[in-house]
>>> print(open('protein35.txt').read())   # compact mmCIF, C-alpha atoms and all ligand atoms
# COMPACT_ATOMS: atom_id res chain seq x y z
CA MET A 1 14.41 14.68 12.63
CA ARG A 2 15.51 18.22 12.03
CA ILE A 3 14.73 20.84 9.43
CA SER A 4 17.85 22.91 9.83
CA ASP A 5 18.12 24.73 6.51
CA THR A 6 15.91 27.76 6.79
CA SER A 7 15.03 27.46 3.11
CA ARG A 8 13.41 24.06 3.62
CA VAL A 9 9.62 23.94 3.88
CA PHE A 10 7.23 21.40 5.30
CA ASN A 11 6.07 19.61 2.16
CA PHE A 12 2.63 17.96 2.17
CA SER A 13 2.74 16.88 -1.47
CA ALA A 14 0.80 13.74 -2.44
CA GLY A 15 3.63 12.62 -4.73
CA PRO A 16 6.40 13.01 -5.52
CA SER A 17 6.60 13.76 -1.85
CA ALA A 18 8.94 14.65 0.99
CA LEU A 19 12.09 12.63 1.53
CA PRO A 20 13.78 12.28 4.93
CA PHE A 21 16.10 15.22 5.56
CA ASP A 22 18.92 12.92 6.68
CA VAL A 23 18.68 11.04 3.40
CA LEU A 24 18.94 14.23 1.36
CA GLU A 25 22.01 15.25 3.34
CA GLN A 26 23.63 11.88 2.78
CA ILE A 27 22.96 12.12 -0.96
CA ARG A 28 24.59 15.53 -1.01
CA SER A 29 27.59 14.39 0.97
CA GLU A 30 28.37 11.40 -1.24
CA LEU A 31 27.17 12.72 -4.59
CA LEU A 32 30.60 13.29 -6.13
CA ASP A 33 32.28 10.18 -4.80
CA TRP A 34 30.03 7.27 -3.99
CA GLN A 35 31.55 4.48 -1.88
CA GLY A 36 35.09 5.48 -2.84
CA THR A 37 34.45 4.82 -6.52
CA GLY A 38 35.44 8.37 -7.48
CA MET A 39 32.09 8.59 -9.31
CA SER A 40 28.56 9.47 -8.43
CA VAL A 41 26.13 6.58 -8.03
CA MET A 42 24.55 7.71 -11.31
CA GLU A 43 27.77 7.01 -13.19
CA VAL A 44 28.64 3.50 -11.98
CA SER A 45 27.70 0.25 -13.70
CA HIS A 46 24.55 -1.36 -12.39
CA ARG A 47 26.43 -4.65 -12.71
CA GLY A 48 29.44 -3.49 -10.70
CA ALA A 49 30.12 -4.93 -7.25
CA GLU A 50 29.11 -1.76 -5.39
CA PHE A 51 25.72 -1.42 -7.05
CA LEU A 52 24.97 -5.14 -6.79
CA GLU A 53 25.60 -4.86 -3.07
CA LEU A 54 23.18 -1.92 -2.86
CA ALA A 55 20.52 -3.90 -4.73
CA LYS A 56 21.00 -6.89 -2.44
CA ARG A 57 20.79 -4.77 0.71
CA CYS A 58 17.73 -2.92 -0.53
CA GLU A 59 15.86 -6.13 -1.26
CA ALA A 60 16.91 -7.57 2.11
CA ASN A 61 15.60 -4.44 3.85
CA VAL A 62 12.27 -4.61 1.99
CA ARG A 63 11.98 -8.23 3.10
CA GLU A 64 12.90 -7.48 6.71
CA LEU A 65 10.75 -4.36 7.09
CA LEU A 66 7.68 -6.09 5.66
CA SER A 67 8.46 -9.55 7.15
CA ILE A 68 8.01 -11.09 3.71
CA PRO A 69 7.65 -14.87 4.00
CA ASP A 70 9.47 -17.35 1.75
CA GLY A 71 7.95 -17.86 -1.68
CA TYR A 72 7.69 -14.23 -2.72
CA SER A 73 9.82 -12.29 -5.20
CA VAL A 74 10.70 -8.64 -4.64
CA LEU A 75 11.05 -6.74 -7.92
CA PHE A 76 12.22 -3.27 -8.84
CA LEU A 77 10.69 -1.94 -12.05
CA GLN A 78 9.97 1.26 -13.91
CA GLY A 79 6.70 2.62 -15.28
CA GLY A 80 5.11 3.54 -11.96
CA ALA A 81 2.03 2.05 -10.36
CA THR A 82 0.17 2.92 -13.53
CA LEU A 83 2.10 0.40 -15.62
CA GLN A 84 1.28 -2.24 -13.01
CA MET A 85 -2.40 -1.57 -13.62
CA SER A 86 -1.68 -3.08 -17.07
CA MET A 87 0.88 -5.67 -16.01
CA VAL A 88 -1.45 -7.17 -13.40
CA PRO A 89 -4.06 -8.39 -15.93
CA MET A 90 -1.34 -9.12 -18.53
CA ASN A 91 0.49 -11.43 -16.13
CA LEU A 92 -2.42 -13.00 -14.28
CA ALA A 93 -5.34 -13.29 -16.70
CA ALA A 94 -6.01 -14.76 -20.13
CA ALA A 95 -8.44 -13.10 -22.56
CA GLY A 96 -11.45 -15.17 -21.49
CA ASP A 97 -10.82 -14.78 -17.75
CA VAL A 98 -12.94 -12.89 -15.26
CA VAL A 99 -11.25 -10.66 -12.68
CA ASP A 100 -12.78 -8.76 -9.74
CA TYR A 101 -12.18 -5.11 -8.80
CA VAL A 102 -13.29 -3.11 -5.80
CA VAL A 103 -13.62 0.56 -6.75
CA THR A 104 -13.09 2.98 -3.88
CA GLY A 105 -11.63 5.95 -5.71
CA ILE A 106 -9.95 7.32 -8.77
CA TRP A 107 -6.95 4.97 -8.73
CA SER A 108 -9.01 1.80 -8.51
CA LYS A 109 -11.21 3.17 -11.29
CA LYS A 110 -8.15 3.56 -13.48
CA ALA A 111 -7.04 0.04 -12.62
CA VAL A 112 -10.34 -1.53 -13.66
CA ALA A 113 -10.41 0.44 -16.93
CA GLU A 114 -7.00 -0.98 -17.78
CA ALA A 115 -7.97 -4.56 -16.91
CA GLN A 116 -11.01 -4.31 -19.16
CA LYS A 117 -8.64 -4.17 -22.15
CA PHE A 118 -7.28 -7.63 -21.40
CA CYS A 119 -10.11 -9.64 -19.87
CA THR A 120 -13.56 -9.35 -18.30
CA ALA A 121 -13.15 -7.02 -15.33
CA ASN A 122 -16.10 -6.93 -12.95
CA VAL A 123 -16.64 -4.08 -10.54
CA ILE A 124 -17.87 -6.10 -7.58
CA ALA A 125 -18.36 -3.06 -5.33
CA SER A 126 -18.06 0.69 -5.75
CA SER A 127 -18.41 3.73 -3.55
CA ALA A 128 -18.71 6.10 -6.53
CA ASP A 129 -22.29 6.93 -5.50
CA GLN A 130 -20.97 8.08 -2.10
CA ASP A 131 -18.32 10.26 -3.78
CA PHE A 132 -15.74 7.75 -2.60
CA SER A 133 -16.19 8.77 1.01
CA GLU A 134 -16.38 5.20 2.32
CA ILE A 135 -15.53 1.59 1.62
CA PRO A 136 -18.40 -0.70 0.66
CA ASP A 137 -18.94 -3.40 3.31
CA PRO A 138 -17.22 -6.59 2.07
CA ALA A 139 -20.41 -8.53 2.90
CA SER A 140 -22.08 -6.63 0.05
CA TRP A 141 -19.42 -7.39 -2.58
CA VAL A 142 -20.86 -9.40 -5.47
CA ARG A 143 -17.95 -11.75 -6.15
CA SER A 144 -17.56 -13.51 -9.51
CA ASP A 145 -17.25 -17.27 -9.72
CA ASP A 146 -13.72 -18.27 -10.62
CA ALA A 147 -12.16 -14.81 -10.71
CA ALA A 148 -8.47 -15.01 -11.60
CA TYR A 149 -7.78 -12.43 -8.88
CA LEU A 150 -9.32 -9.72 -6.72
CA HIS A 151 -7.83 -6.22 -7.00
CA TYR A 152 -8.26 -3.38 -4.54
CA THR A 153 -6.56 -0.15 -3.55
CA PRO A 154 -5.81 -0.20 0.19
CA ASN A 155 -5.30 3.57 0.29
CA GLU A 156 -6.98 5.90 -2.17
CA THR A 157 -4.59 8.82 -2.24
CA ILE A 158 -6.95 11.43 -3.65
CA ALA A 159 -9.97 11.26 -1.35
CA GLY A 160 -7.96 9.85 1.56
CA VAL A 161 -9.85 6.58 2.04
CA GLU A 162 -8.05 3.62 3.55
CA PHE A 163 -8.85 -0.01 4.32
CA HIS A 164 -7.84 -0.69 7.93
CA TYR A 165 -8.17 -4.43 7.33
CA ILE A 166 -7.26 -6.93 4.62
CA PRO A 167 -10.30 -8.31 2.81
CA GLU A 168 -10.76 -12.08 2.60
CA SER A 169 -10.38 -13.17 -0.99
CA GLY A 170 -10.01 -16.90 -1.66
CA VAL A 171 -8.35 -15.96 -4.95
CA PRO A 172 -5.01 -14.14 -5.38
CA LEU A 173 -5.39 -10.74 -3.76
CA VAL A 174 -3.76 -7.88 -5.70
CA ALA A 175 -3.19 -4.51 -4.05
CA ASP A 176 -2.06 -1.10 -5.27
CA MET A 177 -0.23 0.02 -2.13
CA SER A 178 1.45 3.08 -3.66
CA SER A 179 0.44 5.46 -0.90
CA THR A 180 0.33 3.16 2.13
CA ILE A 181 3.18 0.66 1.83
CA PHE A 182 5.68 0.89 4.72
CA SER A 183 3.25 3.01 6.76
CA ARG A 184 2.49 0.08 9.10
CA PRO A 185 3.09 -3.68 9.32
CA ILE A 186 1.03 -5.83 6.94
CA ASP A 187 0.53 -9.57 6.58
CA ILE A 188 2.12 -10.22 3.20
CA SER A 189 1.01 -13.86 3.21
CA LYS A 190 -2.55 -12.69 2.51
CA PHE A 191 -1.51 -11.22 -0.86
CA GLY A 192 -0.75 -12.55 -4.32
CA VAL A 193 0.68 -9.29 -5.67
CA ILE A 194 1.48 -5.92 -4.11
CA TYR A 195 2.67 -2.99 -6.20
CA ALA A 196 3.66 0.56 -5.38
CA GLY A 197 5.16 3.52 -7.18
CA ALA A 198 8.14 4.69 -5.13
CA GLN A 199 7.44 8.40 -4.96
CA LYS A 200 5.22 8.36 -1.86
CA ASN A 201 6.78 6.24 0.89
CA ILE A 202 9.81 4.67 -0.78
CA GLY A 203 11.92 7.20 -2.65
CA PRO A 204 11.97 9.28 -5.81
CA ALA A 205 9.76 8.77 -8.85
CA GLY A 206 11.05 6.35 -11.46
CA LEU A 207 11.10 3.18 -9.39
CA THR A 208 8.24 0.76 -8.81
CA LEU A 209 8.21 -1.97 -6.18
CA VAL A 210 6.39 -5.23 -6.93
CA ILE A 211 6.07 -8.10 -4.48
CA VAL A 212 4.67 -11.23 -6.11
CA ARG A 213 4.00 -14.75 -4.89
CA ASP A 214 6.29 -17.03 -6.87
CA ASP A 215 3.64 -19.40 -8.23
CA LEU A 216 1.94 -16.45 -9.94
CA LEU A 217 5.08 -15.73 -11.97
CA GLU A 218 4.29 -18.79 -14.08
CA LEU A 219 0.91 -17.59 -15.31
CA ALA A 220 2.06 -15.00 -17.84
CA PRO A 221 1.22 -15.91 -21.45
CA LYS A 222 4.28 -16.95 -23.45
CA ASN A 223 3.81 -14.23 -26.08
CA LEU A 224 3.91 -11.37 -23.56
CA PRO A 225 6.77 -8.93 -24.28
CA HIS A 226 9.71 -9.85 -22.06
CA LEU A 227 9.76 -6.58 -20.10
CA MET A 228 6.03 -6.85 -19.42
CA THR A 229 6.49 -10.10 -17.50
CA TRP A 230 7.30 -10.08 -13.80
CA ARG A 231 9.21 -13.30 -14.43
CA ALA A 232 11.86 -11.43 -16.42
CA TYR A 233 12.65 -9.24 -13.42
CA ALA A 234 12.49 -12.14 -10.98
CA GLU A 235 14.99 -14.14 -13.04
CA SER A 236 17.45 -11.26 -13.49
CA GLY A 237 17.57 -9.66 -10.05
CA SER A 238 15.51 -6.80 -11.59
CA MET A 239 18.37 -6.17 -14.02
CA THR A 240 16.68 -7.32 -17.20
CA ASN A 241 17.79 -4.01 -18.64
CA THR A 242 19.37 -0.95 -17.05
CA PRO A 243 17.40 -0.18 -13.88
CA PRO A 244 16.74 3.36 -12.60
CA THR A 245 19.92 3.34 -10.54
CA PHE A 246 19.64 6.71 -8.85
CA ALA A 247 16.05 6.15 -7.72
CA TRP A 248 17.00 2.71 -6.47
CA TYR A 249 19.94 4.18 -4.54
CA VAL A 250 17.71 6.75 -2.84
CA ALA A 251 15.10 4.10 -2.03
CA ASP A 252 17.85 2.07 -0.37
CA LEU A 253 18.76 5.08 1.78
CA VAL A 254 15.11 5.71 2.69
CA LEU A 255 14.65 2.11 3.80
CA GLN A 256 17.83 2.27 5.89
CA TRP A 257 16.41 5.43 7.46
CA LEU A 258 13.16 3.60 8.15
CA MET A 259 15.07 0.80 9.89
CA ARG A 260 16.79 3.41 12.05
CA GLN A 261 13.36 4.79 13.03
CA GLY A 262 12.57 1.36 14.45
CA GLY A 263 10.84 -0.20 11.44
CA LEU A 264 7.15 -0.43 10.73
CA ASP A 265 5.90 -1.03 14.28
CA ALA A 266 7.50 2.23 15.37
CA ILE A 267 6.51 4.26 12.31
CA ALA A 268 2.91 3.01 12.55
CA VAL A 269 2.57 4.51 16.03
CA ILE A 270 3.83 7.85 14.74
CA ASN A 271 1.66 7.72 11.62
CA GLU A 272 -1.51 6.95 13.55
CA ARG A 273 -0.76 9.79 15.95
CA LYS A 274 0.01 12.29 13.16
CA ALA A 275 -3.23 11.51 11.32
CA GLY A 276 -5.25 11.35 14.54
CA LYS A 277 -4.21 14.86 15.58
CA LEU A 278 -5.31 16.27 12.24
CA TYR A 279 -8.66 14.48 12.12
CA ASP A 280 -9.39 15.44 15.73
CA ALA A 281 -8.76 19.11 14.99
CA ILE A 282 -10.88 18.97 11.84
CA ASP A 283 -13.73 17.20 13.63
CA VAL A 284 -13.99 19.64 16.52
CA SER A 285 -14.10 22.61 14.15
CA ASP A 286 -17.08 23.77 12.10
CA PHE A 287 -14.68 25.78 9.96
CA TYR A 288 -12.99 22.64 8.52
CA SER A 289 -14.49 19.26 7.70
CA ASN A 290 -13.54 15.85 6.34
CA PRO A 291 -16.18 13.91 4.42
CA VAL A 292 -14.68 10.44 4.80
CA ARG A 293 -16.43 7.93 7.05
CA LYS A 294 -14.44 7.68 10.27
CA ASP A 295 -13.54 4.00 10.05
CA CYS A 296 -11.95 4.42 6.61
CA ARG A 297 -9.93 7.58 6.97
CA SER A 298 -6.43 7.48 5.57
CA TRP A 299 -3.36 7.73 7.76
CA MET A 300 -1.34 9.09 4.84
CA ASN A 301 -3.63 11.53 2.99
CA VAL A 302 -5.85 13.77 5.08
CA ALA A 303 -8.34 15.63 2.90
CA PHE A 304 -10.32 18.53 4.33
CA ILE A 305 -12.53 21.29 3.06
CA LEU A 306 -13.18 24.79 4.32
CA ALA A 307 -16.83 25.52 5.08
CA ASP A 308 -16.40 28.69 3.03
CA SER A 309 -14.61 27.64 -0.16
CA SER A 310 -14.11 31.27 -1.15
CA LEU A 311 -11.32 31.21 1.47
CA ASP A 312 -9.45 28.39 -0.31
CA ALA A 313 -7.08 30.62 -2.26
CA LYS A 314 -6.28 32.66 0.83
CA PHE A 315 -5.65 29.50 2.88
CA LEU A 316 -3.25 28.20 0.24
CA ALA A 317 -1.40 31.49 -0.16
CA GLU A 318 -0.98 32.05 3.58
CA SER A 319 -0.02 28.47 4.36
CA LYS A 320 2.59 28.59 1.60
CA ALA A 321 3.96 31.83 3.01
CA ALA A 322 4.19 30.07 6.38
CA GLY A 323 6.36 27.33 4.85
CA LEU A 324 3.59 24.73 4.53
CA THR A 325 3.43 23.70 0.88
CA ASN A 326 1.37 21.59 -1.48
CA LEU A 327 -1.82 21.57 0.57
CA LYS A 328 -4.13 22.00 -2.42
CA GLY A 329 -6.51 19.08 -2.83
CA HIS A 330 -6.56 17.06 -6.04
CA ARG A 331 -8.19 18.93 -8.90
CA SER A 332 -10.97 16.34 -9.04
CA VAL A 333 -12.14 16.94 -5.46
CA GLY A 334 -10.97 20.46 -4.58
CA GLY A 335 -10.43 21.62 -1.00
CA MET A 336 -7.23 20.74 0.80
CA ARG A 337 -5.18 17.63 1.31
CA ALA A 338 -2.27 17.11 3.65
CA SER A 339 -0.21 14.10 2.63
CA ILE A 340 1.70 13.03 5.71
CA TYR A 341 3.86 10.14 4.56
CA ASN A 342 6.60 8.61 6.71
CA ALA A 343 9.13 11.31 5.81
CA VAL A 344 6.85 14.18 6.85
CA PRO A 345 7.89 14.86 10.44
CA GLU A 346 5.39 15.19 13.25
CA ALA A 347 6.64 18.77 13.62
CA ALA A 348 5.16 19.46 10.18
CA VAL A 349 1.76 18.27 11.35
CA ASP A 350 2.05 20.38 14.50
CA ALA A 351 2.95 23.43 12.41
CA LEU A 352 -0.03 22.80 10.14
CA LEU A 353 -2.36 22.47 13.12
CA ALA A 354 -1.12 25.75 14.54
CA PHE A 355 -1.59 27.44 11.17
CA MET A 356 -5.12 26.04 10.73
CA SER A 357 -6.16 27.23 14.16
CA GLU A 358 -4.76 30.69 13.56
CA PHE A 359 -6.34 30.91 10.11
CA GLU A 360 -9.72 29.92 11.53
CA LYS A 361 -9.45 32.60 14.22
CA ASN A 362 -8.62 35.29 11.68
CA ASN A 363 -11.25 34.36 9.13
CA ARG A 364 -14.39 33.27 10.88
C1 LIG A 401 0.27 7.89 -7.02
C2 LIG A 401 -0.57 6.69 -7.21
C3 LIG A 401 -0.62 6.01 -8.43
C4 LIG A 401 0.11 6.48 -9.67
O1 LIG A 401 1.44 6.16 -9.56
P1 LIG A 401 2.45 6.38 -10.77
O2 LIG A 401 3.71 5.87 -10.17
O3 LIG A 401 2.47 7.83 -11.10
O4 LIG A 401 1.99 5.57 -11.92
C5 LIG A 401 -1.40 4.87 -8.51
N1 LIG A 401 -2.09 4.42 -7.45
C6 LIG A 401 -2.08 5.06 -6.27
C7 LIG A 401 -2.86 4.51 -5.13
C8 LIG A 401 -1.31 6.21 -6.12
O5 LIG A 401 -1.29 6.84 -4.93
>>> encode(input="protein35.txt", output="structure tokens", more="lines below")
Ligand SMILES: *Cc1c(COP(=O)(O)O)cnc(C)c1O
Amino acid sequence: MRISDTSRVFNFSAGPSALPFDVLEQIRSELLDWQGTGMSVMEVSHRGAEFLELAKRCEANVRELLSIPDGYSVLFLQGGATLQMSMVPMNLAAAGDVVDYVVTGIWSKKAVAEAQKFCTANVIASSADQDFSEIPDPASWVRSDDAAYLHYTPNETIAGVEFHYIPESGVPLVADMSSTIFSRPIDISKFGVIYAGAQKNIGPAGLTLVIVRDDLLELAPKNLPHLMTWRAYAESGSMTNTPPTFAWYVADLVLQWLMRQGGLDAIAVINERKAGKLYDAIDVSDFYSNPVRKDCRSWMNVAFILADSSLDAKFLAESKAAGLTNLKGHRSVGGMRASIYNAVPEAAVDALLAFMSEFEKNNR
């Protein structure tokens, strides 16, 4: 990994977020003439041989990276993770059905609010009373009888709270993996549906990845609009209508880059180390702190607050001047947040640590 252009910064944005430098260079180099077509990838037909090959390779790489077993469909949609918060209940539940939601942050709260429009959505556990600083112990979850599915958010991007295990469900398990997918290996066979907006660990905004167990494709009510059914995408190779070709192209390059890094086993080691360094530095300091319980701290989104919040603006201005951008925490929680997705190099974390140490020295 190299950051050669002096104008490039280390970008800690929560999303859209950093893309691998090598990928950006490849995009630039082949922008005017993609694959000898004499056109950019944005100008070719999505049904042409070259793009179909890209789509095939991209799906194959998703399957290989995640070791997806037989019996699952891999879909490429639009509408972001937010549309999936609607499509999940639309495709899996009928009006009278009960569905279960675990609420560990703002994204899972949004998901349950959406499900409530279609069926009876029960919040079976919530950490709202703890300001979303922990995950309620699964032994305490009050599960519904006959829930059509159980939904949870493995990584809550805003507070930086992550499940480091897969909960037992007994019913189809549905996960919003927007900010954790491809950060480490996962056992796909435990899931009914996984969805993720691309703009964190996959590629640019505009593309949404959905992985769905094939038997669940049959549950959608017949009167559901065609584009709201996962089945439509499964039956058409995700080409029900014109797909977001440029975003898909970049996602394909990002996944090829991830393969070159050694896949998910290799990236997981790096991710755990990157996050660990930051949490260690925050924990030994009384100048910075992280409120999240240690066993549920996110590898991808490291939130921290300054003991003296009147220094926040100064921290942000000086870090930005040092080439470390987008460290401001989400408006709902304040403080700082460093999003350190796969494409954020370890050198960026090291630079942030050096800056934080220096800033503490100068301002305590
Ligand atoms: C970013 C994010 C979303 C929202 O994604 P969109 O693609 O903007 O709809 C939803 N859930 C989680 C966990 C996220 O991190």
>>> residues_near_ligand(input="protein35.txt", ligand="ligand LIG 401 (chain A)", cutoff="9 Å", atoms="only C-alpha atoms and all ligand atoms", output="PyMOL selection string")
chain A and resi 14-16+78-85+105-108+110-111+153-158+176-180+195-200+205-208
>>> closest_residue(input="protein35.txt", among="A:Ser189, A:Ser13, A:Gln26, A:Ser40", to="Ile166 in chain A", atoms="all atoms listed in the file")
A:Ser189
>>> closest_residue(input="protein35.txt", among="A:Ala95, A:Val62, A:Met39, A:Leu327", to="Lys314 in chain A", atoms="all atoms listed in the file")
A:Leu327
>>> closest_residue(input="protein35.txt", among="A:Val292, A:Ile124, A:Leu150, A:Leu32", to="Ile305 in chain A", atoms="only C-alpha atoms")
A:Val292
>>> atom_distance(input="protein35.txt", atom1="CA of Leu173 in chain A", atom2="CA of Ser140 in chain A")
17.6 Å
>>> atom_distance(input="protein35.txt", atom1="CA of Glu360 in chain A", atom2="CA of Tyr288 in chain A")
8.5 Å
>>> residues_around(input="protein35.txt", residues="Cys58 in chain A", least_positions_apart="6", cutoff="8 Å", atoms="all atoms listed in the file", output="list of chain:residue names")
A:Ala251, A:Asp252, A:Leu255
>>> residues_near_point(input="protein35.txt", point="(2.5, 14.2, 5.4)", cutoff="10 Å", atoms="all atoms listed in the file", output="MDAnalysis selection string")
chainID A and resid 10:14 17:18 200 271 274:275 299:302 327 337:346 348:349
>>> atom_distance(input="protein35.txt", atom1="CA of Val88 in chain A", atom2="CA of Asn223 in chain A")
15.4 Å
>>> closest_residue(input="protein35.txt", among="A:Arg63, A:Glu218, A:Phe21, A:Leu224", to="Ser86 in chain A", atoms="all atoms listed in the file")
A:Leu224
>>> closest_residue(input="protein35.txt", among="A:Thr245, A:Gln116, A:Gln130, A:Ser236", to="Ser45 in chain A", atoms="all atoms listed in the file")
A:Thr245
>>> residues_around(input="protein35.txt", residues="Gly96 in chain A", least_positions_apart="4", cutoff="12 Å", atoms="all atoms listed in the file", output="list in words")
Pro89, Leu92, Gln116, Lys117, Phe118, Cys119, Thr120, Ala121, Asp146, Ala147 and Ala148 of chain A
>>> residues_around(input="protein35.txt", residues="Ile186 in chain A", least_positions_apart="6", cutoff="10 Å", atoms="only C-alpha atoms", output="list in words")
Leu65, Leu66, Ser67, Ile68, Tyr165, Ile166 and Leu264 of chain A
>>> closest_residue(input="protein35.txt", among="A:Gly36, A:Pro136, A:Gly170, A:Gly237", to="Val123 in chain A", atoms="all atoms listed in the file")
A:Pro136
>>> residues_around(input="protein35.txt", residues="Phe191 in chain A", least_positions_apart="5", cutoff="8 Å", atoms="all atoms listed in the file", output="list in words")
Pro172, Leu173, Val174, Ala175 and Arg213 of chain A
